[in-house]
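File shown: structure_29.cif. Contents: mmCIF, C-alpha atoms, pLDDT in the B column; chains and numbers go by the auth columns.
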data_protein
#
loop_
_atom_site.group_PDB
_atom_site.id
_atom_site.type_symbol
_atom_site.label_atom_id
_atom_site.label_comp_id
_atom_site.label_asym_id
_atom_site.label_seq_id
_atom_site.Cartn_x
_atom_site.Cartn_y
_atom_site.Cartn_z
_atom_site.B_iso_or_equiv
_atom_site.auth_seq_id
_atom_site.auth_asym_id
ATOM 1 C CA MET A 1 -31.578 -20.595 32.223 37.00 1 D
ATOM 2 C CA GLU A 2 -34.316 -23.232 32.482 38.00 2 D
ATOM 3 C CA GLY A 3 -34.128 -26.132 30.115 40.00 3 D
ATOM 4 C CA ALA A 4 -30.516 -25.405 29.228 38.00 4 D
ATOM 5 C CA CYS A 5 -28.095 -28.258 29.263 38.00 5 D
ATOM 6 C CA ILE A 6 -24.418 -28.641 28.633 36.00 6 D
ATOM 7 C CA LYS A 7 -22.981 -31.141 26.193 39.00 7 D
ATOM 8 C CA ARG A 8 -19.330 -31.844 26.916 39.00 8 D
ATOM 9 C CA THR A 9 -16.578 -33.430 24.936 39.00 9 D
ATOM 10 C CA ARG A 10 -13.002 -33.632 26.154 40.00 10 D
ATOM 11 C CA LYS A 11 -12.153 -30.205 24.771 47.00 11 D
ATOM 12 C CA SER A 12 -15.417 -28.514 23.886 47.00 12 D
ATOM 13 C CA ILE A 13 -18.648 -27.374 25.438 46.00 13 D
ATOM 14 C CA ASN A 14 -21.992 -26.936 23.727 49.00 14 D
ATOM 15 C CA ILE A 15 -24.004 -24.381 25.683 45.00 15 D
ATOM 16 C CA PHE A 16 -27.792 -24.149 25.311 45.00 16 D
ATOM 17 C CA ASN A 17 -27.900 -26.982 22.757 44.00 17 D
ATOM 18 C CA THR A 18 -30.746 -29.245 23.813 42.00 18 D
ATOM 19 C CA THR A 19 -30.725 -31.615 20.817 42.00 19 D
ATOM 20 C CA GLU A 20 -27.801 -33.932 20.360 49.00 20 D
ATOM 21 C CA GLU A 21 -28.491 -34.350 16.626 55.00 21 D
ATOM 22 C CA MET A 22 -28.083 -30.681 15.740 70.00 22 D
ATOM 23 C CA ALA A 23 -24.742 -28.925 15.785 75.00 23 D
ATOM 24 C CA PRO A 24 -24.768 -25.452 17.330 81.00 24 D
ATOM 25 C CA ALA A 25 -24.926 -22.499 14.973 90.00 25 D
ATOM 26 C CA TYR A 26 -21.564 -21.134 16.117 95.00 26 D
ATOM 27 C CA LYS A 27 -18.192 -22.653 16.889 96.00 27 D
ATOM 28 C CA LEU A 28 -15.695 -20.613 18.869 97.00 28 D
ATOM 29 C CA THR A 29 -12.125 -21.906 18.736 96.00 29 D
ATOM 30 C CA TYR A 30 -9.461 -20.860 21.231 96.00 30 D
ATOM 31 C CA PHE A 31 -6.760 -22.041 23.604 94.00 31 D
ATOM 32 C CA PRO A 32 -7.971 -23.799 26.808 93.00 32 D
ATOM 33 C CA VAL A 33 -8.164 -20.498 28.713 94.00 33 D
ATOM 34 C CA GLU A 34 -10.601 -17.617 29.157 93.00 34 D
ATOM 35 C CA ALA A 35 -8.561 -14.567 28.058 95.00 35 D
ATOM 36 C CA LEU A 36 -9.613 -13.038 24.714 96.00 36 D
ATOM 37 C CA ALA A 37 -12.433 -15.482 24.016 97.00 37 D
ATOM 38 C CA GLU A 38 -14.245 -15.000 27.311 97.00 38 D
ATOM 39 C CA PRO A 39 -16.091 -11.788 26.361 98.00 39 D
ATOM 40 C CA ILE A 40 -17.544 -13.613 23.351 98.00 40 D
ATOM 41 C CA ARG A 41 -18.584 -16.520 25.566 97.00 41 D
ATOM 42 C CA PHE A 42 -20.200 -14.089 28.034 98.00 42 D
ATOM 43 C CA LEU A 43 -22.146 -12.366 25.272 98.00 43 D
ATOM 44 C CA PHE A 44 -23.372 -15.531 23.603 97.00 44 D
ATOM 45 C CA SER A 45 -24.354 -16.881 27.015 97.00 45 D
ATOM 46 C CA TYR A 46 -26.189 -13.680 27.941 97.00 46 D
ATOM 47 C CA GLY A 47 -28.103 -13.784 24.649 96.00 47 D
ATOM 48 C CA GLY A 48 -29.003 -17.464 24.994 95.00 48 D
ATOM 49 C CA ILE A 49 -27.185 -18.160 21.720 94.00 49 D
ATOM 50 C CA GLU A 50 -25.962 -21.725 21.395 93.00 50 D
ATOM 51 C CA PHE A 51 -22.302 -22.200 20.589 95.00 51 D
ATOM 52 C CA GLU A 52 -19.617 -24.832 20.634 94.00 52 D
ATOM 53 C CA ASP A 53 -16.802 -23.720 22.908 94.00 53 D
ATOM 54 C CA PHE A 54 -13.911 -25.593 21.311 94.00 54 D
ATOM 55 C CA ARG A 55 -10.693 -25.438 23.349 94.00 55 D
ATOM 56 C CA PHE A 56 -7.794 -27.172 21.661 93.00 56 D
ATOM 57 C CA ASP A 57 -4.724 -28.687 23.304 91.00 57 D
ATOM 58 C CA ARG A 58 -1.803 -26.286 23.238 91.00 58 D
ATOM 59 C CA GLU A 59 0.464 -28.892 21.689 93.00 59 D
ATOM 60 C CA ASN A 60 -1.808 -28.914 18.624 94.00 60 D
ATOM 61 C CA TRP A 61 -1.404 -25.200 17.982 94.00 61 D
ATOM 62 C CA PRO A 62 1.637 -25.428 15.643 95.00 62 D
ATOM 63 C CA GLN A 63 -0.369 -27.662 13.305 94.00 63 D
ATOM 64 C CA MET A 64 -3.503 -25.508 13.537 94.00 64 D
ATOM 65 C CA LYS A 65 -1.875 -22.096 13.230 94.00 65 D
ATOM 66 C CA PRO A 66 -1.253 -22.126 9.438 95.00 66 D
ATOM 67 C CA ASN A 67 -4.980 -22.743 8.894 93.00 67 D
ATOM 68 C CA MET A 68 -6.132 -19.845 11.053 93.00 68 D
ATOM 69 C CA PRO A 69 -6.854 -16.393 9.570 91.00 69 D
ATOM 70 C CA PHE A 70 -3.653 -14.395 10.104 94.00 70 D
ATOM 71 C CA GLY A 71 -2.359 -17.259 12.253 94.00 71 D
ATOM 72 C CA GLN A 72 -4.342 -16.212 15.313 95.00 72 D
ATOM 73 C CA VAL A 73 -7.215 -17.269 17.536 96.00 73 D
ATOM 74 C CA PRO A 74 -9.948 -16.911 18.631 97.00 74 D
ATOM 75 C CA VAL A 75 -11.895 -17.594 15.489 97.00 75 D
ATOM 76 C CA LEU A 76 -15.645 -17.898 15.051 97.00 76 D
ATOM 77 C CA GLU A 77 -17.275 -20.233 12.522 96.00 77 D
ATOM 78 C CA HIS A 78 -20.870 -19.847 11.320 95.00 78 D
ATOM 79 C CA ASN A 79 -22.567 -21.371 8.274 93.00 79 D
ATOM 80 C CA GLY A 80 -19.244 -22.293 6.677 91.00 80 D
ATOM 81 C CA LYS A 81 -17.753 -18.832 7.219 95.00 81 D
ATOM 82 C CA VAL A 82 -14.829 -17.983 9.500 95.00 82 D
ATOM 83 C CA ALA A 83 -14.298 -14.682 11.334 96.00 83 D
ATOM 84 C CA HIS A 84 -11.321 -13.454 13.342 95.00 84 D
ATOM 85 C CA GLN A 85 -10.432 -10.521 15.640 96.00 85 D
ATOM 86 C CA SER A 86 -11.794 -10.918 19.165 96.00 86 D
ATOM 87 C CA ILE A 87 -13.318 -7.458 19.559 97.00 87 D
ATOM 88 C CA ALA A 88 -15.071 -7.643 16.199 97.00 88 D
ATOM 89 C CA MET A 89 -16.511 -11.023 17.203 97.00 89 D
ATOM 90 C CA ALA A 90 -17.586 -9.648 20.582 98.00 90 D
ATOM 91 C CA ARG A 91 -19.313 -6.715 18.857 98.00 91 D
ATOM 92 C CA TYR A 92 -21.123 -9.155 16.579 97.00 92 D
ATOM 93 C CA ALA A 93 -22.209 -11.255 19.567 97.00 93 D
ATOM 94 C CA ALA A 94 -23.344 -8.091 21.345 98.00 94 D
ATOM 95 C CA LYS A 95 -25.639 -7.248 18.436 97.00 95 D
ATOM 96 C CA LYS A 96 -27.120 -10.736 18.569 96.00 96 D
ATOM 97 C CA ALA A 97 -27.577 -10.355 22.345 97.00 97 D
ATOM 98 C CA LYS A 98 -29.109 -6.858 21.937 97.00 98 D
ATOM 99 C CA LEU A 99 -26.528 -5.149 24.150 98.00 99 D
ATOM 100 C CA VAL A 100 -25.614 -2.402 21.692 97.00 100 D
ATOM 101 C CA GLY A 101 -26.731 1.218 21.475 96.00 101 D
ATOM 102 C CA ASN A 102 -29.869 2.648 19.914 97.00 102 D
ATOM 103 C CA ASP A 103 -27.991 4.724 17.344 97.00 103 D
ATOM 104 C CA GLU A 104 -24.521 5.262 15.903 97.00 104 D
ATOM 105 C CA TRP A 105 -23.469 7.726 18.612 98.00 105 D
ATOM 106 C CA GLU A 106 -24.419 5.353 21.394 98.00 106 D
ATOM 107 C CA ASP A 107 -22.472 2.599 19.640 98.00 107 D
ATOM 108 C CA LEU A 108 -19.510 4.967 19.422 98.00 108 D
ATOM 109 C CA GLU A 109 -19.662 5.553 23.184 97.00 109 D
ATOM 110 C CA ILE A 110 -19.681 1.815 23.871 98.00 110 D
ATOM 111 C CA ASP A 111 -16.918 1.112 21.351 98.00 111 D
ATOM 112 C CA ALA A 112 -14.708 3.825 22.845 98.00 112 D
ATOM 113 C CA ILE A 113 -14.903 2.209 26.285 98.00 113 D
ATOM 114 C CA VAL A 114 -14.184 -1.254 24.902 98.00 114 D
ATOM 115 C CA ASP A 115 -11.195 0.069 22.987 98.00 115 D
ATOM 116 C CA THR A 116 -9.962 1.823 26.135 98.00 116 D
ATOM 117 C CA VAL A 117 -10.159 -1.429 28.097 98.00 117 D
ATOM 118 C CA ASN A 118 -8.289 -3.139 25.285 97.00 118 D
ATOM 119 C CA ASP A 119 -5.621 -0.409 25.378 97.00 119 D
ATOM 120 C CA LEU A 120 -5.148 -1.199 29.059 98.00 120 D
ATOM 121 C CA ARG A 121 -4.925 -4.910 28.298 98.00 121 D
ATOM 122 C CA GLN A 122 -2.185 -4.316 25.752 97.00 122 D
ATOM 123 C CA LYS A 123 -0.176 -2.197 28.171 97.00 123 D
ATOM 124 C CA ILE A 124 -0.413 -4.904 30.825 97.00 124 D
ATOM 125 C CA ALA A 125 0.533 -7.545 28.254 97.00 125 D
ATOM 126 C CA LEU A 126 3.606 -5.542 27.295 97.00 126 D
ATOM 127 C CA TYR A 127 4.825 -6.118 30.854 96.00 127 D
ATOM 128 C CA HIS A 128 3.522 -9.640 31.401 96.00 128 D
ATOM 129 C CA TYR A 129 4.802 -11.240 28.206 96.00 129 D
ATOM 130 C CA GLU A 130 8.210 -9.581 28.178 95.00 130 D
ATOM 131 C CA ALA A 131 10.802 -12.359 27.980 96.00 131 D
ATOM 132 C CA ASP A 132 13.813 -10.293 29.071 96.00 132 D
ATOM 133 C CA ALA A 133 13.782 -10.278 32.884 96.00 133 D
ATOM 134 C CA ALA A 134 15.591 -6.946 33.173 97.00 134 D
ATOM 135 C CA VAL A 135 13.270 -5.222 30.722 97.00 135 D
ATOM 136 C CA LYS A 136 10.236 -6.712 32.431 96.00 136 D
ATOM 137 C CA GLU A 137 11.398 -5.453 35.819 96.00 137 D
ATOM 138 C CA SER A 138 11.910 -1.973 34.387 97.00 138 D
ATOM 139 C CA ARG A 139 8.287 -1.947 33.217 97.00 139 D
ATOM 140 C CA LYS A 140 6.800 -3.135 36.501 96.00 140 D
ATOM 141 C CA GLU A 141 6.801 0.081 38.516 96.00 141 D
ATOM 142 C CA PRO A 142 5.447 2.308 35.718 97.00 142 D
ATOM 143 C CA LEU A 143 2.652 -0.207 35.113 97.00 143 D
ATOM 144 C CA PHE A 144 1.529 -0.556 38.719 97.00 144 D
ATOM 145 C CA LYS A 145 2.152 2.991 39.891 97.00 145 D
ATOM 146 C CA GLU A 146 1.233 4.969 36.805 97.00 146 D
ATOM 147 C CA THR A 147 -0.614 3.089 34.057 97.00 147 D
ATOM 148 C CA LEU A 148 -3.073 1.074 36.130 98.00 148 D
ATOM 149 C CA PRO A 149 -4.119 3.995 38.363 97.00 149 D
ATOM 150 C CA TYR A 150 -4.415 6.278 35.332 98.00 150 D
ATOM 151 C CA TYR A 151 -6.866 3.975 33.550 98.00 151 D
ATOM 152 C CA LEU A 152 -8.716 2.536 36.514 98.00 152 D
ATOM 153 C CA GLN A 153 -9.379 5.870 38.202 98.00 153 D
ATOM 154 C CA ARG A 154 -10.950 7.171 35.018 98.00 154 D
ATOM 155 C CA LEU A 155 -12.951 4.020 34.342 98.00 155 D
ATOM 156 C CA ASP A 156 -14.178 4.043 37.940 98.00 156 D
ATOM 157 C CA ALA A 157 -15.361 7.643 37.474 98.00 157 D
ATOM 158 C CA VAL A 158 -17.118 6.671 34.241 98.00 158 D
ATOM 159 C CA VAL A 159 -19.048 3.945 36.067 98.00 159 D
ATOM 160 C CA LYS A 160 -19.992 6.351 38.853 98.00 160 D
ATOM 161 C CA ALA A 161 -21.324 8.845 36.317 97.00 161 D
ATOM 162 C CA ASN A 162 -23.214 6.198 34.320 97.00 162 D
ATOM 163 C CA ASN A 163 -25.554 4.691 36.884 96.00 163 D
ATOM 164 C CA GLY A 164 -23.165 1.865 37.686 97.00 164 D
ATOM 165 C CA HIS A 165 -22.234 1.049 34.077 98.00 165 D
ATOM 166 C CA LEU A 166 -19.493 1.842 31.604 98.00 166 D
ATOM 167 C CA ALA A 167 -21.700 3.489 28.994 97.00 167 D
ATOM 168 C CA LEU A 168 -25.165 4.954 28.423 97.00 168 D
ATOM 169 C CA GLY A 169 -26.228 4.560 32.050 97.00 169 D
ATOM 170 C CA LYS A 170 -27.393 0.997 31.430 97.00 170 D
ATOM 171 C CA LEU A 171 -26.123 -2.515 30.784 98.00 171 D
ATOM 172 C CA THR A 172 -24.229 -2.764 27.492 98.00 172 D
ATOM 173 C CA TRP A 173 -21.670 -5.081 26.023 98.00 173 D
ATOM 174 C CA ALA A 174 -18.932 -2.807 27.367 98.00 174 D
ATOM 175 C CA ASP A 175 -19.843 -4.021 30.860 98.00 175 D
ATOM 176 C CA LEU A 176 -19.712 -7.692 29.892 98.00 176 D
ATOM 177 C CA TYR A 177 -16.514 -7.215 27.920 98.00 177 D
ATOM 178 C CA PHE A 178 -14.719 -5.602 30.859 98.00 178 D
ATOM 179 C CA VAL A 179 -15.837 -8.126 33.455 98.00 179 D
ATOM 180 C CA ALA A 180 -15.193 -11.102 31.167 97.00 180 D
ATOM 181 C CA ILE A 181 -11.605 -10.061 30.496 97.00 181 D
ATOM 182 C CA LEU A 182 -10.903 -8.986 34.084 97.00 182 D
ATOM 183 C CA LYS A 183 -9.594 -12.382 35.220 95.00 183 D
ATOM 184 C CA TYR A 184 -7.074 -12.250 32.376 96.00 184 D
ATOM 185 C CA LEU A 185 -5.958 -8.762 33.406 97.00 185 D
ATOM 186 C CA ASN A 186 -5.599 -9.844 37.027 96.00 186 D
ATOM 187 C CA SER A 187 -3.612 -12.908 35.975 95.00 187 D
ATOM 188 C CA MET A 188 -1.187 -10.811 33.932 96.00 188 D
ATOM 189 C CA CYS A 189 -0.752 -8.568 36.981 95.00 189 D
ATOM 190 C CA GLY A 190 0.480 -11.442 39.105 93.00 190 D
ATOM 191 C CA GLY A 191 -2.942 -12.549 40.313 91.00 191 D
ATOM 192 C CA ASN A 192 -3.630 -9.261 42.068 90.00 192 D
ATOM 193 C CA ASP A 193 -7.142 -7.817 42.166 95.00 193 D
ATOM 194 C CA ILE A 194 -6.602 -4.657 40.162 96.00 194 D
ATOM 195 C CA LEU A 195 -10.058 -3.386 41.213 97.00 195 D
ATOM 196 C CA ALA A 196 -9.361 -3.542 44.950 96.00 196 D
ATOM 197 C CA ASP A 197 -9.216 0.248 45.303 96.00 197 D
ATOM 198 C CA TYR A 198 -12.010 1.030 42.857 98.00 198 D
ATOM 199 C CA PRO A 199 -15.460 0.538 44.405 98.00 199 D
ATOM 200 C CA ASN A 200 -17.525 1.492 41.369 98.00 200 D
ATOM 201 C CA LEU A 201 -15.727 -0.946 39.098 98.00 201 D
ATOM 202 C CA THR A 202 -16.011 -3.619 41.783 98.00 202 D
ATOM 203 C CA ALA A 203 -19.763 -3.010 42.018 98.00 203 D
ATOM 204 C CA LEU A 204 -20.035 -3.272 38.245 98.00 204 D
ATOM 205 C CA LYS A 205 -18.177 -6.580 38.314 98.00 205 D
ATOM 206 C CA ASN A 206 -20.623 -7.924 40.900 97.00 206 D
ATOM 207 C CA THR A 207 -23.607 -6.688 38.874 97.00 207 D
ATOM 208 C CA VAL A 208 -22.470 -8.557 35.768 98.00 208 D
ATOM 209 C CA LEU A 209 -21.530 -11.733 37.618 97.00 209 D
ATOM 210 C CA GLU A 210 -25.001 -11.828 39.202 97.00 210 D
ATOM 211 C CA LEU A 211 -26.823 -11.764 35.865 98.00 211 D
ATOM 212 C CA PRO A 212 -28.698 -15.105 35.679 97.00 212 D
ATOM 213 C CA ALA A 213 -27.321 -16.102 32.266 97.00 213 D
ATOM 214 C CA ILE A 214 -23.778 -15.220 33.315 97.00 214 D
ATOM 215 C CA LYS A 215 -24.136 -17.165 36.551 96.00 215 D
ATOM 216 C CA THR A 216 -25.225 -20.170 34.490 96.00 216 D
ATOM 217 C CA TRP A 217 -22.181 -19.810 32.254 96.00 217 D
ATOM 218 C CA LEU A 218 -19.826 -19.493 35.213 95.00 218 D
ATOM 219 C CA GLU A 219 -21.221 -22.718 36.647 93.00 219 D
ATOM 220 C CA LYS A 220 -20.735 -24.595 33.379 89.00 220 D
ATOM 221 C CA ARG A 221 -17.456 -23.304 31.968 90.00 221 D
ATOM 222 C CA PRO A 222 -14.248 -25.307 32.432 86.00 222 D
ATOM 223 C CA ASN A 223 -11.720 -24.233 35.025 84.00 223 D
ATOM 224 C CA SER A 224 -8.991 -22.024 33.627 79.00 224 D
ATOM 225 C CA ASP A 225 -6.032 -20.122 35.039 71.00 225 D
ATOM 226 C CA MET A 226 -6.783 -16.934 33.073 77.00 226 D
#
In structure tokens, write the structure found in this file.
Amino acid sequence: MEGACIKRTRKSINIFNTTEEMAPAYKLTYFPVEALAEPIRFLFSYGGIEFEDFRFDRENWPQMKPNMPFGQVPVLEHNGKVAHQSIAMARYAAKKAKLVGNDEWEDLEIDAIVDTVNDLRQKIALYHYEADAAVKESRKEPLFKETLPYYLQRLDAVVKANNGHLALGKLTWADLYFVAILKYLNSMCGGNDILADYPNLTALKNTVLELPAIKTWLEKRPNSDM
């Protein structure tokens, strides 16, 4: 994106803000990882919407948590207001970026795909974050041999039937949401590429990552393990 610059502090990034005197309109607060905040970052970046990408030190979380809505992040601040829930924030950003449907039914189709991807994320997280080693091991085979194929085969077929996209036969925020959270899903699956056997989903990933605004974001964002 021509004319865009990045303003860095030790723990935050200001994308698309070209005047040092003015604070960006939005502040997104999250841990120093991609994970649940990355779809929002993708969508703001795609829409050319300036935002402060504030990533706090993990050791500061116990002090910050009581001040967060429902004790969770990410949170989004705008004009003195604070919003929570990552999917709701992503949907808001998608509207600003004009990646939503043309009517309520089209929005329903997009939302259903996003919720399906989030269902898959939660099932993977149930395995990844299990603290009991024996329980975690018992969940491994069902996840990799049943759950992942079940979801990914169907999502791959959806992309094939939708002109290379997850909904409406065109680029929507469902595409950006899926690709933005994919690194997190792979990380929770031991760093494996869960799309290796799914060519349509792989092609979709490449399509999104080649979008000029997304390429700019990928070049500017901090390194993160997930």
Item checked: Given all atoms listed in the file as the counted atoms, nearest of D:Val158, D:Leu126, D:Val114, D:Met22 to D:Phe51 ->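 Nearest to D:Phe51: D:Met22.
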Next item on the list: Identify which of the residues D:Trp61, D:Tyr151, D:Tyr177, D:Trp105 lies closest to D:Leu195, counting only C-alpha atoms when measuring atom-to-atom distances.
Entry: D:Tyr151
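Minimum atom-to-atom distances from D:Leu218, D:Ala37, D:Ala125, D:Ala174 to D:Ile110 were compared using only C-alpha atoms, and the lowest value belongs to D:Ala174.
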Checklist line | Computed interatomic separation between atom CA of D:Glu52 and atom CA of D:Pro222 (Å) | finding: 13.0 Å
Item checked: Matched chain/residue IDs from the PyMOL selection byres ((chain D and resi 166) around 9), as a count of residues only -> 23
Check: Which one of D:Glu50, D:Asp107, D:Asp57, D:Asp132 sits closest to D:Val33 if you count all atoms listed in the file?
Finding: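 Of all the options, D:Asp57 lies closest to D:Val33.
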Item checked: Residue with smallest distance to D:Lys98 - pool D:Val179, D:Ala203, D:Leu43, D:Ala35, counting all atoms listed in the file ->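 Using all atoms listed in the file, the shortest distance to D:Lys98 belongs to D:Leu43.
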Applied to this file, what does the PyMOL selection byres ((chain D and resi 64-74) around 9) return in terms of residues, put as a tab-separated table (two decimals) with C-alpha atoms, in the coordinates of the input?
chain	number	residue	atom	x	y	z
D	28	LEU	CA	-15.70	-20.61	18.87
D	29	THR	CA	-12.12	-21.91	18.74
D	30	TYR	CA	-9.46	-20.86	21.23
D	31	PHE	CA	-6.76	-22.04	23.60
D	36	LEU	CA	-9.61	-13.04	24.71
D	37	ALA	CA	-12.43	-15.48	24.02
D	60	ASN	CA	-1.81	-28.91	18.62
D	61	TRP	CA	-1.40	-25.20	17.98
D	62	PRO	CA	1.64	-25.43	15.64
D	63	GLN	CA	-0.37	-27.66	13.30
D	75	VAL	CA	-11.90	-17.59	15.49
D	76	LEU	CA	-15.64	-17.90	15.05
D	82	VAL	CA	-14.83	-17.98	9.50
D	83	ALA	CA	-14.30	-14.68	11.33
D	84	HIS	CA	-11.32	-13.45	13.34
D	85	GLN	CA	-10.43	-10.52	15.64
D	86	SER	CA	-11.79	-10.92	19.16
D	89	MET	CA	-16.51	-11.02	17.20
Next item on the list: Enter the distance from atom CA of D:Lys81 to atom CA of D:Tyr46, in Å, rounded to one decimal.
Entry: 23.0 Å
Hey, could you pull the box centre and edge lengths for stretch 101-109 of chain D, axis-aligned, 3 Å padding per side, all listed atoms, to one decimal in Å, as lines of an AutoDock Vina configuration file?
center_x = -24.7
center_y = 4.5
center_z = 19.5
size_x = 16.4
size_y = 12.5
size_z = 13.3
Notebook entry, point to check: Can you list what the PyMOL selection byres ((chain D and resi 124) around 9) grabs from this structure, as a PyMOL selection string?
Noted result: chain D and resi 119-123+125-129+143+147-148+185+188-189
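The space separating atom CA of D:Gly101 from atom CA of D:Trp173 comes to 9.3 Å.
Shortest separation to D:Asp197 among D:Pro149, D:Pro212, D:Pro24, D:Pro142 occurs at residue D:Pro149, atoms counted being all atoms listed in the file.
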Next item on the list: May I have the residues at most 10 Å from (-8.8, -26.0, 33.6) in the file's coordinates, counting only C-alpha atoms, as number ranges by chain?
Entry: D: 32-34, 221-226
